[in-house]
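One structure below.
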Amino acid sequence: MFTGIIEELGKVTGLEREGENLHITIEAKMTPELKIDQSIAHNGVCLTVVHLDNGQNRYTVTAIKETLDRSNIGLFKEGDLVNLERCMQMNGRLDGHIVQGHVDHTATVTDIKEVDGSWEFHFQYEPKDNLITVEKGSITINGTSLTVVKSEKGAFSVAIIPYTYEHTNFKNFEKGTVVNLEFDIIGKYVASYLEQSQNS
């Protein structure tokens with residue numbers, strides 16, 4: 001379980017294919033604090049640490065085909081910056097919102113506007129019945145917990161403050177960038193319940 005508050009920007013330093021799996025090596029300052037089998041969210045995707053190289057501040061995770069098909073992990077290139085968050089501690093504050101680390105869908109950046117010191121990012125995605133956004137509701141983009149500003153079917157926008165812009169990979173987004181989405185878990189349950197009720 002995660003909160004959507006990004007701890008660090010890691011850098012992809014290695015990519016290795018093994019069958020349908022992708023081994024991803026990340027350089028991150030948090031590496032000495034990690035352990036094998038630990039869960040870390042990478043752009044919002046929960047992946048397990050399988051190897052540590054503390055001398056180089058690098059660790060490796062493995063993404064399976066399902067993960068590669070449903071997220072932007074398969075688009076990684078060496079040098080890419082990745083939003084990182086370790087799983088939440090039970091005695092910690094939930095500063096963002098409840099994030100599972102299970103990507104629901106991808107979206108594409110359609111517009112970026114600078115608005116008096118902050119930024120407004122617009123996204124578009126293929127609509128699905130139980131994946132909806134709600135104005136002033138929560139959405140997770142590349143693992144970052146954010147509030148929806150405007151919402152319509154298959155599209156929404158969020159506002160990014162300077163701190164978030166500088167400390168996440170939002171600063172590297174451009175039109176056409178593909179991002180990972182995890183929709184609000186409560187909204188997904190409500191939408192699923194309503195869909196089942198209508199079909200019964």
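Residue numbering restarts at 1 for every chain of the structure tokens, chains are lettered A, B, ... in their displayed order, and ligands are numbered from 1 as they appear.
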
Which residues of region 46-70 of chain A come within 12 Å of region 17-23 of chain A, and what is each one's closest atom pair and distance in Å (one decimal), counting only C-alpha atoms, sorted by chain and residue number, as JSON lines?
{"residue": "A:Leu47", "atom": "CA", "partner": "A:His23", "partner_atom": "CA", "distance": 10.6}
{"residue": "A:Thr48", "atom": "CA", "partner": "A:His23", "partner_atom": "CA", "distance": 10.8}
{"residue": "A:Val49", "atom": "CA", "partner": "A:His23", "partner_atom": "CA", "distance": 10.3}
{"residue": "A:Val50", "atom": "CA", "partner": "A:His23", "partner_atom": "CA", "distance": 9.1}
{"residue": "A:His51", "atom": "CA", "partner": "A:His23", "partner_atom": "CA", "distance": 10.0}
{"residue": "A:Tyr59", "atom": "CA", "partner": "A:His23", "partner_atom": "CA", "distance": 10.2}
{"residue": "A:Thr60", "atom": "CA", "partner": "A:His23", "partner_atom": "CA", "distance": 6.6}
{"residue": "A:Val61", "atom": "CA", "partner": "A:His23", "partner_atom": "CA", "distance": 5.8}
{"residue": "A:Thr62", "atom": "CA", "partner": "A:His23", "partner_atom": "CA", "distance": 4.4}
{"residue": "A:Ala63", "atom": "CA", "partner": "A:Leu22", "partner_atom": "CA", "distance": 5.2}
{"residue": "A:Ile64", "atom": "CA", "partner": "A:Asn21", "partner_atom": "CA", "distance": 4.6}
{"residue": "A:Lys65", "atom": "CA", "partner": "A:Glu20", "partner_atom": "CA", "distance": 5.6}
{"residue": "A:Glu66", "atom": "CA", "partner": "A:Asn21", "partner_atom": "CA", "distance": 9.4}
{"residue": "A:Thr67", "atom": "CA", "partner": "A:Asn21", "partner_atom": "CA", "distance": 9.3}
{"residue": "A:Leu68", "atom": "CA", "partner": "A:Leu22", "partner_atom": "CA", "distance": 8.2}
{"residue": "A:Asp69", "atom": "CA", "partner": "A:Glu20", "partner_atom": "CA", "distance": 10.6}

For the residues in the current selection, export N, CA, C and O atoms as an mmCIF file, in the first residue's frame.
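Written output follows (part22.cif):
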data_model
loop_
_atom_site.group_PDB
_atom_site.id
_atom_site.type_symbol
_atom_site.label_atom_id
_atom_site.label_comp_id
_atom_site.auth_asym_id
_atom_site.auth_seq_id
_atom_site.Cartn_x
_atom_site.Cartn_y
_atom_site.Cartn_z
ATOM 1 N N LEU A 47 6.611 -2.928 -7.774
ATOM 2 C CA LEU A 47 7.563 -3.928 -8.231
ATOM 3 C C LEU A 47 8.449 -4.356 -7.065
ATOM 4 O O LEU A 47 8.680 -3.576 -6.136
ATOM 5 N N THR A 48 8.958 -5.584 -7.121
ATOM 6 C CA THR A 48 9.727 -6.171 -6.025
ATOM 7 C C THR A 48 11.223 -6.109 -6.304
ATOM 8 O O THR A 48 11.675 -6.461 -7.403
ATOM 9 N N VAL A 49 11.986 -5.685 -5.302
ATOM 10 C CA VAL A 49 13.448 -5.650 -5.418
ATOM 11 C C VAL A 49 13.979 -7.083 -5.483
ATOM 12 O O VAL A 49 13.700 -7.897 -4.608
ATOM 13 N N VAL A 50 14.745 -7.391 -6.537
ATOM 14 C CA VAL A 50 15.294 -8.745 -6.708
ATOM 15 C C VAL A 50 16.812 -8.767 -6.605
ATOM 16 O O VAL A 50 17.417 -9.831 -6.462
ATOM 17 N N HIS A 51 17.453 -7.601 -6.673
ATOM 18 C CA HIS A 51 18.917 -7.541 -6.576
ATOM 19 C C HIS A 51 19.330 -6.172 -6.062
ATOM 20 O O HIS A 51 18.702 -5.158 -6.388
ATOM 21 N N TYR A 59 19.630 -0.844 -7.676
ATOM 22 C CA TYR A 59 18.875 -2.058 -7.380
ATOM 23 C C TYR A 59 18.119 -2.469 -8.642
ATOM 24 O O TYR A 59 17.949 -1.685 -9.569
ATOM 25 N N THR A 60 17.664 -3.715 -8.646
ATOM 26 C CA THR A 60 16.973 -4.243 -9.824
ATOM 27 C C THR A 60 15.606 -4.789 -9.441
ATOM 28 O O THR A 60 15.444 -5.401 -8.385
ATOM 29 N N VAL A 61 14.631 -4.535 -10.298
ATOM 30 C CA VAL A 61 13.280 -5.084 -10.170
ATOM 31 C C VAL A 61 12.928 -5.761 -11.491
ATOM 32 O O VAL A 61 13.568 -5.514 -12.521
ATOM 33 N N THR A 62 11.901 -6.605 -11.458
ATOM 34 C CA THR A 62 11.480 -7.318 -12.663
ATOM 35 C C THR A 62 10.009 -7.052 -12.945
ATOM 36 O O THR A 62 9.169 -7.165 -12.047
ATOM 37 N N ALA A 63 9.707 -6.698 -14.181
ATOM 38 C CA ALA A 63 8.321 -6.476 -14.613
ATOM 39 C C ALA A 63 7.918 -7.604 -15.556
ATOM 40 O O ALA A 63 8.646 -7.932 -16.495
ATOM 41 N N ILE A 64 6.757 -8.204 -15.301
ATOM 42 C CA ILE A 64 6.251 -9.279 -16.146
ATOM 43 C C ILE A 64 5.438 -8.693 -17.296
ATOM 44 O O ILE A 64 5.166 -7.490 -17.344
ATOM 45 N N LYS A 65 5.031 -9.552 -18.229
ATOM 46 C CA LYS A 65 4.321 -9.108 -19.432
ATOM 47 C C LYS A 65 3.054 -8.326 -19.094
ATOM 48 O O LYS A 65 2.755 -7.303 -19.716
ATOM 49 N N GLU A 66 2.273 -8.801 -18.108
ATOM 50 C CA GLU A 66 1.037 -8.114 -17.720
ATOM 51 C C GLU A 66 1.325 -6.676 -17.336
ATOM 52 O O GLU A 66 0.605 -5.748 -17.719
ATOM 53 N N THR A 67 2.379 -6.462 -16.570
ATOM 54 C CA THR A 67 2.770 -5.113 -16.145
ATOM 55 C C THR A 67 3.203 -4.276 -17.337
ATOM 56 O O THR A 67 2.833 -3.103 -17.455
ATOM 57 N N LEU A 68 3.984 -4.870 -18.222
ATOM 58 C CA LEU A 68 4.462 -4.144 -19.398
ATOM 59 C C LEU A 68 3.310 -3.758 -20.311
ATOM 60 O O LEU A 68 3.321 -2.683 -20.924
ATOM 61 N N ASP A 69 2.302 -4.612 -20.406
ATOM 62 C CA ASP A 69 1.151 -4.341 -21.274
ATOM 63 C C ASP A 69 0.242 -3.251 -20.722
ATOM 64 O O ASP A 69 -0.416 -2.537 -21.488
#

Which residues come within 9 Å of region 112-115 of chain A, counting only C-alpha atoms, excluding same-chain residues fewer than 6 positions away, as a PyMOL selection string?
chain A and resi 121-122+173-175

Would you please extract all alpha helix (DSSP H) residues from region 19-172 of chain A, as assigned by DSSP on the backbone, and give them as a ChimeraX atom specification?
/A:65-70,162-167

For C-alpha atoms, I'd like the residues from the last selection saved as a tab-separated table (two decimals), in the first residue's frame.
chain	number	residue	atom	x	y	z
A	65	LYS	CA	4.32	-9.11	-19.43
A	66	GLU	CA	1.04	-8.11	-17.72
A	67	THR	CA	2.77	-5.11	-16.15
A	68	LEU	CA	4.46	-4.14	-19.40
A	69	ASP	CA	1.15	-4.34	-21.27
A	70	ARG	CA	-0.81	-2.23	-18.78
A	162	PRO	CA	6.38	24.00	-8.20
A	163	TYR	CA	7.54	21.53	-5.51
A	164	THR	CA	5.78	18.59	-7.19
A	165	TYR	CA	7.02	19.74	-10.60
A	166	GLU	CA	10.65	19.78	-9.46
A	167	HIS	CA	10.58	16.57	-7.38

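Compared by their closest atoms to Val134 (chain A), and using only C-alpha atoms, the residues A:Ile24, A:Leu146, A:Val45, A:Leu84 rank with A:Leu146 nearest.
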
Can you list, as JSON, numbers by chain, every protein, DNA or RNA residue that comes within 8 Å of Ala155 (chain A) when you count only C-alpha atoms, leaving out same-chain residues fewer than 5 positions away?
{"A": [122, 123, 124, 125]}

Export, as a PDB file, in the first residue's frame, the selected residues with N, CA and C atoms.
ATOM      1  N   HIS A 122      -3.100  18.367 -18.878  1.00  0.00           N
ATOM      2  CA  HIS A 122      -4.323  17.759 -19.398  1.00  0.00           C
ATOM      3  C   HIS A 122      -4.004  16.368 -19.951  1.00  0.00           C
ATOM      4  N   PHE A 123      -4.873  15.412 -19.671  1.00  0.00           N
ATOM      5  CA  PHE A 123      -4.661  14.025 -20.059  1.00  0.00           C
ATOM      6  C   PHE A 123      -5.895  13.465 -20.750  1.00  0.00           C
ATOM      7  N   GLN A 124      -5.662  12.503 -21.621  1.00  0.00           N
ATOM      8  CA  GLN A 124      -6.752  11.803 -22.296  1.00  0.00           C
ATOM      9  C   GLN A 124      -6.491  10.308 -22.217  1.00  0.00           C
ATOM     10  N   TYR A 125      -7.556   9.538 -22.005  1.00  0.00           N
ATOM     11  CA  TYR A 125      -7.432   8.085 -21.930  1.00  0.00           C
ATOM     12  C   TYR A 125      -8.669   7.445 -22.553  1.00  0.00           C
TER      13      TYR A 125
END

Excluding Met1 (chain A) and its own-chain neighbours fewer than 5 positions away, which residues fall within 9 Å of it when counting only C-alpha atoms? Please give them as a VMD selection string.
chain A and resid 46 86 to 89 98 to 101

Can you tell me how far CA of Ile26 (chain A) sits from CA of Gly14 (chain A), in Å to one decimal?
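Distance between the two atoms: 7.1 Å.
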
Residues near His105 (chain A), cut-off 9 Å, only C-alpha atoms, skip fewer than 3 positions along chain, as number ranges by chain
A: 70-71, 125-126, 131, 179-183

The selected residues should be written to file as a PDB file, in the first residue's frame (atoms: N, CA and C atoms).
ATOM      1  N   ARG A  70       0.178  -3.123 -19.392  1.00  0.00           N
ATOM      2  CA  ARG A  70      -0.809  -2.227 -18.777  1.00  0.00           C
ATOM      3  C   ARG A  70      -0.235  -0.894 -18.322  1.00  0.00           C
ATOM      4  N   SER A  71       1.072  -0.707 -18.473  1.00  0.00           N
ATOM      5  CA  SER A  71       1.699   0.497 -17.926  1.00  0.00           C
ATOM      6  C   SER A  71       2.725   1.057 -18.904  1.00  0.00           C
ATOM      7  N   TYR A 125      -7.556   9.538 -22.005  1.00  0.00           N
ATOM      8  CA  TYR A 125      -7.432   8.085 -21.930  1.00  0.00           C
ATOM      9  C   TYR A 125      -8.669   7.445 -22.553  1.00  0.00           C
ATOM     10  N   GLU A 126      -8.532   6.181 -22.899  1.00  0.00           N
ATOM     11  CA  GLU A 126      -9.667   5.461 -23.478  1.00  0.00           C
ATOM     12  C   GLU A 126     -10.681   5.169 -22.377  1.00  0.00           C
ATOM     13  N   LEU A 131     -13.796   3.161 -14.774  1.00  0.00           N
ATOM     14  CA  LEU A 131     -12.640   4.028 -14.567  1.00  0.00           C
ATOM     15  C   LEU A 131     -13.048   5.464 -14.857  1.00  0.00           C
ATOM     16  N   VAL A 179       1.544   8.157 -19.554  1.00  0.00           N
ATOM     17  CA  VAL A 179       1.663   8.074 -18.095  1.00  0.00           C
ATOM     18  C   VAL A 179       0.780   6.942 -17.565  1.00  0.00           C
ATOM     19  N   ASN A 180       1.102   6.499 -16.353  1.00  0.00           N
ATOM     20  CA  ASN A 180       0.315   5.471 -15.677  1.00  0.00           C
ATOM     21  C   ASN A 180      -0.771   6.112 -14.827  1.00  0.00           C
ATOM     22  N   LEU A 181      -1.956   5.508 -14.846  1.00  0.00           N
ATOM     23  CA  LEU A 181      -3.075   5.984 -14.024  1.00  0.00           C
ATOM     24  C   LEU A 181      -3.518   4.900 -13.059  1.00  0.00           C
ATOM     25  N   GLU A 182      -3.721   5.286 -11.811  1.00  0.00           N
ATOM     26  CA  GLU A 182      -4.461   4.442 -10.870  1.00  0.00           C
ATOM     27  C   GLU A 182      -5.620   5.286 -10.354  1.00  0.00           C
ATOM     28  N   PHE A 183      -6.829   4.859 -10.674  1.00  0.00           N
ATOM     29  CA  PHE A 183      -8.014   5.611 -10.282  1.00  0.00           C
ATOM     30  C   PHE A 183      -8.317   5.380  -8.810  1.00  0.00           C
TER      31      PHE A 183
END

Contacts of Thr133 (chain A) at 12 Å (only C-alpha atoms; same-chain gap of 6+ positions) as a count of residues only:
28

Tell me, which residues of region 91-170 of chain A carry DSSP strand (DSSP E), written as a PyMOL selection string?
chain A and resi 105-115+118-124+138-141+144-152+155-160
